[in-house]
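Here's query.cif, which has mmCIF, C-alpha atoms:
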```
data_target
loop_
_atom_site.label_atom_id
_atom_site.label_comp_id
_atom_site.auth_asym_id
_atom_site.auth_seq_id
_atom_site.Cartn_x
_atom_site.Cartn_y
_atom_site.Cartn_z
CA MET L 1466 192.86 98.50 118.32
CA THR L 1467 192.29 101.60 120.41
CA ARG L 1468 191.05 101.58 123.98
CA GLN L 1469 187.75 102.90 122.64
CA ASP L 1470 187.43 99.95 120.24
CA GLU L 1471 188.33 97.49 122.99
CA HIS L 1472 185.64 98.95 125.24
CA GLY L 1473 183.09 98.74 122.41
CA SER L 1474 184.04 95.10 121.79
CA LYS L 1475 183.52 94.23 125.47
CA VAL L 1476 180.06 95.83 125.41
CA GLY L 1477 179.36 93.90 122.21
CA TYR L 1478 180.09 90.64 124.05
CA TRP L 1479 177.69 91.65 126.82
CA VAL L 1480 175.00 92.39 124.25
CA LEU L 1481 175.61 89.00 122.62
CA ALA L 1482 175.35 87.34 126.04
CA ALA L 1483 172.05 89.16 126.66
CA ALA L 1484 170.71 87.98 123.29
CA ILE L 1485 171.62 84.38 124.12
CA LEU L 1486 170.08 84.68 127.59
CA ILE L 1487 166.80 85.92 126.10
CA LEU L 1488 166.82 82.95 123.72
CA VAL L 1489 167.35 80.52 126.61
CA LEU L 1490 164.53 82.16 128.59
CA TYR L 1491 162.17 81.81 125.64
CA LEU L 1492 163.10 78.16 125.19
CA TYR L 1493 162.34 77.55 128.85
CA GLY L 1494 159.14 79.54 128.57
CA GLN L 1495 157.75 77.18 125.97
CA THR L 1496 157.34 74.68 128.82
CA ASN L 1497 155.97 77.22 131.33
CA THR L 1498 153.10 79.30 129.96
CA THR L 1499 152.85 81.60 133.00
CA PHE L 1500 156.54 82.47 132.86
CA LEU L 1501 156.35 82.90 129.08
CA TYR L 1502 153.44 85.33 129.37
CA LEU L 1503 155.32 87.46 131.91
CA LEU L 1504 158.50 87.35 129.82
CA SER L 1505 156.72 88.20 126.57
CA ASN L 1506 154.95 91.23 128.01
CA GLY L 1507 157.43 92.39 130.65
CA LEU L 1508 160.76 92.22 128.82
CA PRO L 1509 160.14 94.53 125.80
CA PRO L 1510 160.01 97.82 127.76
CA PHE L 1511 163.42 97.08 129.28
CA VAL L 1512 165.23 96.30 126.01
CA ALA L 1513 163.51 99.27 124.35
CA LEU L 1514 164.66 101.46 127.25
CA LEU L 1515 168.26 100.43 126.57
CA ALA L 1516 168.02 101.67 122.99
CA PHE L 1517 166.26 104.89 124.01
CA SER L 1518 168.80 105.59 126.77
CA ALA L 1519 171.79 105.08 124.46
CA ALA L 1520 170.30 107.40 121.83
CA GLY L 1521 169.29 109.97 124.45
CA LEU L 1522 172.75 110.07 126.03
CA THR L 1523 174.32 110.62 122.63
CA LEU L 1524 171.85 113.42 121.96
CA ARG L 1525 172.73 115.02 125.29
CA ILE L 1526 176.42 115.11 124.43
CA THR L 1527 176.08 116.25 120.82
CA TRP L 1528 173.15 118.68 121.04
CA THR L 1529 173.92 122.27 120.10
CA ASN L 1530 170.79 123.77 118.55
CA ARG L 1531 167.78 122.83 116.44
CA ALA L 1532 169.45 123.99 113.22
CA ASP L 1533 172.48 121.72 113.68
CA ARG L 1534 172.40 118.61 111.47
CA SER L 1535 173.90 116.23 114.05
CA SER L 1536 171.46 117.51 116.66
CA LYS L 1537 168.58 116.77 114.29
CA VAL L 1538 169.90 113.29 113.57
CA TRP L 1539 170.16 112.29 117.22
CA LEU L 1540 166.93 114.00 118.15
CA GLY L 1541 165.25 111.85 115.50
CA TYR L 1542 166.84 108.63 116.76
CA THR L 1543 165.98 109.52 120.36
CA MET L 1544 162.36 110.45 119.64
CA GLY L 1545 161.89 107.32 117.55
CA MET L 1546 163.21 105.07 120.28
CA LEU L 1547 161.17 106.96 122.90
CA LEU L 1548 157.95 106.39 120.97
CA TRP L 1549 158.76 102.71 120.49
CA PHE L 1550 159.54 102.44 124.21
CA LEU L 1551 156.15 104.02 124.97
CA GLY L 1552 154.55 101.51 122.62
CA GLU L 1553 156.19 98.59 124.44
CA THR L 1554 155.23 100.07 127.82
CA THR L 1555 151.61 100.55 126.75
CA TRP L 1556 151.43 96.92 125.62
CA ALA L 1557 152.89 95.81 128.96
CA VAL L 1558 150.36 97.92 130.90
CA TYR L 1559 147.48 96.38 128.97
CA SER L 1560 148.72 92.86 129.68
CA LEU L 1561 150.35 92.96 133.11
CA VAL L 1562 148.68 95.87 134.92
CA LEU L 1563 145.17 96.00 133.50
CA GLY L 1564 145.10 92.27 132.87
CA ILE L 1565 143.12 92.53 129.65
CA PRO L 1566 143.86 91.18 126.16
CA VAL L 1567 145.66 93.75 124.04
CA PRO L 1568 143.43 94.88 121.16
CA TYR L 1569 144.91 95.01 117.70
CA PRO L 1570 145.33 97.74 116.66
CA SER L 1571 145.75 99.50 120.00
CA VAL L 1572 147.21 102.68 121.49
CA ALA L 1573 150.57 100.91 121.45
CA ASP L 1574 150.40 100.74 117.65
CA VAL L 1575 149.92 104.51 117.52
CA PHE L 1576 153.23 105.00 119.36
CA TRP L 1577 155.03 102.45 117.19
CA LEU L 1578 153.74 103.79 113.88
CA VAL L 1579 154.33 107.45 114.76
CA GLY L 1580 157.84 106.48 115.86
CA TYR L 1581 158.81 105.72 112.27
CA THR L 1582 158.60 109.42 111.33
CA PRO L 1583 161.51 110.70 113.49
CA LEU L 1584 163.57 107.62 112.60
CA LEU L 1585 163.08 108.22 108.88
CA LEU L 1586 163.96 111.90 109.37
CA ALA L 1587 167.08 110.97 111.34
CA LEU L 1588 168.36 108.84 108.46
CA LEU L 1589 167.46 111.53 105.92
CA PHE L 1590 169.26 114.25 107.89
CA GLN L 1591 172.23 111.92 108.22
CA ILE L 1592 172.74 111.38 104.49
CA TRP L 1593 171.20 114.52 102.93
CA PRO L 1594 174.36 116.73 103.04
CA PHE L 1595 176.21 114.02 101.10
CA ARG L 1596 173.53 113.36 98.48
CA GLU L 1597 175.68 114.66 95.61
CA ALA L 1598 178.30 112.01 96.39
CA PHE L 1599 175.89 109.21 95.52
CA SER L 1600 176.08 108.12 91.92
CA THR L 1601 172.95 107.78 89.80
CA GLY L 1602 173.66 104.09 89.43
CA ARG L 1603 173.87 103.52 93.17
CA PHE L 1604 170.61 105.39 93.73
CA ALA L 1605 168.94 103.37 90.97
CA VAL L 1606 170.04 100.14 92.61
CA LEU L 1607 168.67 101.30 95.97
CA LEU L 1608 165.37 102.35 94.38
CA ALA L 1609 165.03 99.01 92.60
CA PHE L 1610 165.86 97.19 95.85
CA THR L 1611 163.18 99.15 97.74
CA VAL L 1612 160.55 98.55 95.05
CA VAL L 1613 161.30 94.82 95.01
CA LEU L 1614 160.95 94.64 98.80
CA ILE L 1615 157.64 96.53 98.71
CA VAL L 1616 156.28 94.19 96.04
CA LEU L 1617 157.50 91.22 98.09
CA VAL L 1618 155.75 92.53 101.22
CA LEU L 1619 152.50 92.98 99.31
CA ALA L 1620 152.79 89.55 97.70
CA ILE L 1621 153.32 87.88 101.08
CA LEU L 1622 150.76 89.76 103.18
CA VAL L 1623 147.85 90.47 100.83
CA PRO L 1624 146.88 86.83 99.99
CA PRO L 1625 146.49 85.74 103.66
CA SER L 1626 144.29 88.77 104.33
CA MET L 1627 141.98 87.71 101.51
CA GLU L 1628 141.56 84.20 102.89
CA GLY L 1629 140.13 85.24 106.26
CA GLU L 1630 137.68 87.86 107.41
CA GLN L 1631 140.12 90.50 108.59
CA ALA L 1632 138.97 93.96 109.63
CA THR L 1633 140.19 96.69 107.29
CA THR L 1634 142.03 98.47 110.10
CA THR L 1635 143.80 95.27 111.15
CA PHE L 1636 144.92 94.61 107.59
CA LEU L 1637 146.15 98.17 107.02
CA VAL L 1638 148.12 98.25 110.27
CA SER L 1639 149.62 94.83 109.56
CA LEU L 1640 150.68 96.11 106.15
CA ALA L 1641 151.93 99.50 107.39
CA TYR L 1642 154.65 98.08 109.65
CA PRO L 1643 156.66 96.14 107.04
CA LEU L 1644 156.20 98.86 104.40
CA LEU L 1645 157.59 101.49 106.77
CA ASP L 1646 160.37 99.07 107.69
CA VAL L 1647 161.30 98.80 104.01
CA LEU L 1648 161.65 102.59 103.78
CA LEU L 1649 163.83 102.60 106.89
CA LEU L 1650 165.90 99.75 105.51
CA GLY L 1651 166.50 101.47 102.18
CA LEU L 1652 167.76 104.64 103.87
CA ALA L 1653 169.84 102.62 106.34
CA PHE L 1654 171.55 100.70 103.53
CA LEU L 1655 172.27 103.96 101.73
CA SER L 1656 173.72 105.50 104.90
CA PHE L 1657 175.77 102.41 105.72
CA ALA L 1658 177.15 102.23 102.18
CA PHE L 1659 178.26 105.87 102.35
CA PHE L 1660 179.79 105.77 105.83
CA MET L 1661 181.40 102.35 105.38
CA LYS L 1662 184.90 103.83 105.40
CA GLY L 1663 184.30 106.42 108.12
CA THR L 1664 183.83 106.46 111.87
CA LEU L 1665 180.09 105.89 111.53
CA TRP L 1666 180.40 102.48 109.89
CA ARG L 1667 180.20 100.48 113.14
CA PRO L 1668 177.21 102.38 114.59
CA MET L 1669 175.40 102.16 111.24
CA LEU L 1670 176.22 98.46 110.95
CA PHE L 1671 174.27 97.72 114.13
CA VAL L 1672 171.52 100.25 113.39
CA THR L 1673 171.04 98.58 110.01
CA ALA L 1674 171.05 95.16 111.70
CA GLY L 1675 168.38 96.41 114.10
CA ILE L 1676 166.21 97.56 111.20
CA ILE L 1677 166.67 94.23 109.40
CA LEU L 1678 165.61 92.36 112.54
CA THR L 1679 162.63 94.69 113.03
CA THR L 1680 161.55 94.24 109.40
CA SER L 1681 161.75 90.45 109.68
CA ALA L 1682 159.86 90.49 112.98
CA ASP L 1683 157.11 92.75 111.64
CA MET L 1684 156.65 90.55 108.58
CA LEU L 1685 156.34 87.41 110.70
CA PHE L 1686 154.10 89.16 113.23
CA SER L 1687 151.76 90.40 110.51
CA LEU L 1688 151.56 86.93 108.97
CA ALA L 1689 150.91 85.38 112.39
CA VAL L 1690 148.16 87.91 113.20
CA LEU L 1691 146.51 87.55 109.80
CA GLY L 1692 146.74 83.77 110.10
CA GLY L 1693 145.52 83.72 113.69
CA THR L 1694 148.62 81.89 114.94
CA TYR L 1695 150.20 84.61 117.10
CA TYR L 1696 150.37 84.10 120.87
CA ASN L 1697 152.20 85.80 123.74
CA GLY L 1698 155.69 84.34 123.77
CA HIS L 1699 155.79 83.37 120.11
CA PRO L 1700 159.43 82.77 119.06
CA LEU L 1701 159.20 85.57 116.48
CA GLU L 1702 159.31 88.02 119.42
CA LEU L 1703 163.01 87.20 119.78
CA LEU L 1704 163.66 89.27 116.66
CA PHE L 1705 162.05 92.32 118.27
CA HIS L 1706 164.17 91.94 121.41
CA TRP L 1707 167.37 91.40 119.43
CA SER L 1708 166.60 94.44 117.27
CA TYR L 1709 166.48 96.69 120.34
CA LEU L 1710 169.79 95.25 121.51
CA ALA L 1711 171.32 95.96 118.09
CA PHE L 1712 170.02 99.54 118.16
CA ALA L 1713 171.34 100.01 121.68
CA LEU L 1714 174.80 98.73 120.71
CA GLY L 1715 174.98 100.94 117.62
CA PHE L 1716 173.92 104.03 119.57
CA TYR L 1717 176.32 103.17 122.40
CA ILE L 1718 179.29 102.88 120.03
CA GLN L 1719 178.48 106.31 118.64
CA LEU L 1720 178.06 107.61 122.19
CA LYS L 1721 181.60 106.57 123.11
CA HIS L 1722 182.91 108.07 119.88
CA ALA L 1723 181.11 111.34 120.65
CA GLN L 1724 182.56 111.37 124.17
CA ARG L 1725 186.04 110.98 122.75
CA LEU L 1726 185.74 113.68 120.07
CA GLY L 1727 183.20 115.99 121.65
CA ARG L 1728 180.58 115.52 118.91
CA PRO L 1729 179.90 112.98 116.15
CA VAL L 1730 181.00 113.26 112.52
#
```
Go ahead and render the structure in this file as structure tokens.
Amino acid sequence: MTRQDEHGSKVGYWVLAAAILILVLYLYGQTNTTFLYLLSNGLPPFVALLAFSAAGLTLRITWTNRADRSSKVWLGYTMGMLLWFLGETTWAVYSLVLGIPVPYPSVADVFWLVGYTPLLLALLFQIWPFREAFSTGRFAVLLAFTVVLIVLVLAILVPPSMEGEQATTTFLVSLAYPLLDVLLLGLAFLSFAFFMKGTLWRPMLFVTAGIILTTSADMLFSLAVLGGTYYNGHPLELLFHWSYLAFALGFYIQLKHAQRLGRPV
């Protein structure tokens, strides 16, 4: 194991410790509603900032020009994380500064939904130069996997929306998140499968894990909102926090690799 790998492993342990600490805080919060409210609304901007900072630092090191593929990739990751950070911050301002219930959908949802575009582009730019290396069979499997997930999302979310009197906008936004997550997940799996034997396999492992956690969290959040069971401090929020930690770790590993080589692969 190289010194670089050892350093990445140590950071991984710190990230794991942070994930466990957040879990413990949420368990305690279930017995203290005031603390839970502050934790639920105040913590997300900080974990989102970690992911944005790690992506931004990598962009700073690897940026050359707008036509460079690696620059486009890390600009996409950075802009996506920035928009999600702004979404988390907006939610926190609604709750902790203005002291009013957060509407759904809200301005925060605009930041979150728009943030999917640069993230999708980042993954596309990452794998596009190598598209000819993917076999037709592998692409067919990925397409079938994506279609199955989309059908599953619709099957899970549409029936609850029909049972209650949900506003059209609320239903569409609740559906948009997991569907966009599925698109991200499909591209992430494709990228991870291609780079599995290269230097990008560890960063993509954690980026893919972050997307999986985000997808699961969005599905549960949409179900909770449509079912009227969501509340500030709901345990499903742990998945959102852990997803940001996974993104941050993946970006950080690539950052250290970029520092060692001068620019990423």
- [ ] Have a look at atom CA of L:Met1669 and atom CA of L:Phe1550 and let me know their distance in Å, one decimal.
- [x]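 Calculated distance between atom CA of L:Met1669 and atom CA of L:Phe1550 is 20.5 Å.
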Task: Within 12 Å of L:Gly1494 using only C-alpha atoms, minus same-chain residues under 5 positions, as a list in words - done: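 Once the adjacent positions are removed, what remains is Ile1487, Leu1488, Val1489, Thr1499, Phe1500, Leu1501, Tyr1502, Leu1503, Leu1504, Ser1505, Asn1697, Gly1698, His1699 and Pro1700 of chain L.
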Task: Separation of atom CA of L:Phe1705 from atom CA of L:Pro1509, in Å and rounded to one decimal - done: 8.1 Å
Running the PyMOL selection byres ((chain L and resi 1519) around 6) on this model by hand, what would come out? Give it as a PDB file with C-alpha atoms, in the coordinates of the input.
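Just written: selection.pdb:
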```
ATOM      1  CA  ALA L1516     168.020 101.670 122.990  1.00  0.00           C
ATOM      2  CA  PHE L1517     166.260 104.890 124.010  1.00  0.00           C
ATOM      3  CA  SER L1518     168.800 105.590 126.770  1.00  0.00           C
ATOM      4  CA  ALA L1520     170.300 107.400 121.830  1.00  0.00           C
ATOM      5  CA  GLY L1521     169.290 109.970 124.450  1.00  0.00           C
ATOM      6  CA  LEU L1522     172.750 110.070 126.030  1.00  0.00           C
ATOM      7  CA  ALA L1713     171.340 100.010 121.680  1.00  0.00           C
ATOM      8  CA  PHE L1716     173.920 104.030 119.570  1.00  0.00           C
ATOM      9  CA  TYR L1717     176.320 103.170 122.400  1.00  0.00           C
TER      10      TYR L1717
END
```
Open item on the list: Calculated over only C-alpha atoms, which of the candidates L:Ser1474, L:Leu1701, L:Ser1656, L:Ser1708 has the smallest distance to L:Ala1674?
Closed with: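 Of the candidates, the smallest distance to L:Ala1674 is held by L:Ser1708.
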Task: Given only C-alpha atoms as the counted atoms, nearest of L:Phe1712, L:Gln1495, L:Ala1573, L:Trp1556 to L:Thr1543 - done: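 The closest residue to L:Thr1543 is L:Phe1712.
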- [ ] For each of L:Leu1617, L:Ala1532, L:Leu1645, L:Val1567, take the minimum atom-to-atom distance to L:Thr1582, counting all atoms listed in the file, then give the residue where this is smallest.
- [x]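 When distances to L:Thr1582 are compared using all atoms listed in the file, the smallest one comes from L:Leu1645.
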TODO: On this file, the PyMOL selection byres ((chain L and resi 1544) around 9) gives some set of residues; write that set as a list of chain:residue names.
DONE: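 Matching residues under the PyMOL selection byres ((chain L and resi 1544) around 9) are L:Phe1517, L:Ala1520, L:Gly1521, L:Trp1539, L:Leu1540, L:Gly1541, L:Tyr1542, L:Thr1543, L:Gly1545, L:Met1546, L:Leu1547, L:Leu1548, L:Trp1549, L:Gly1580, L:Pro1583, L:Leu1584.
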Open item on the list: For a quick check of understanding, using all atoms listed in the file, which of L:Ser1535, L:Thr1529, L:Thr1523, L:Asn1506 has the smallest distance to L:Gly1552?
Closed with: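 Checking each candidate against L:Gly1552, we get L:Asn1506 as the closest.
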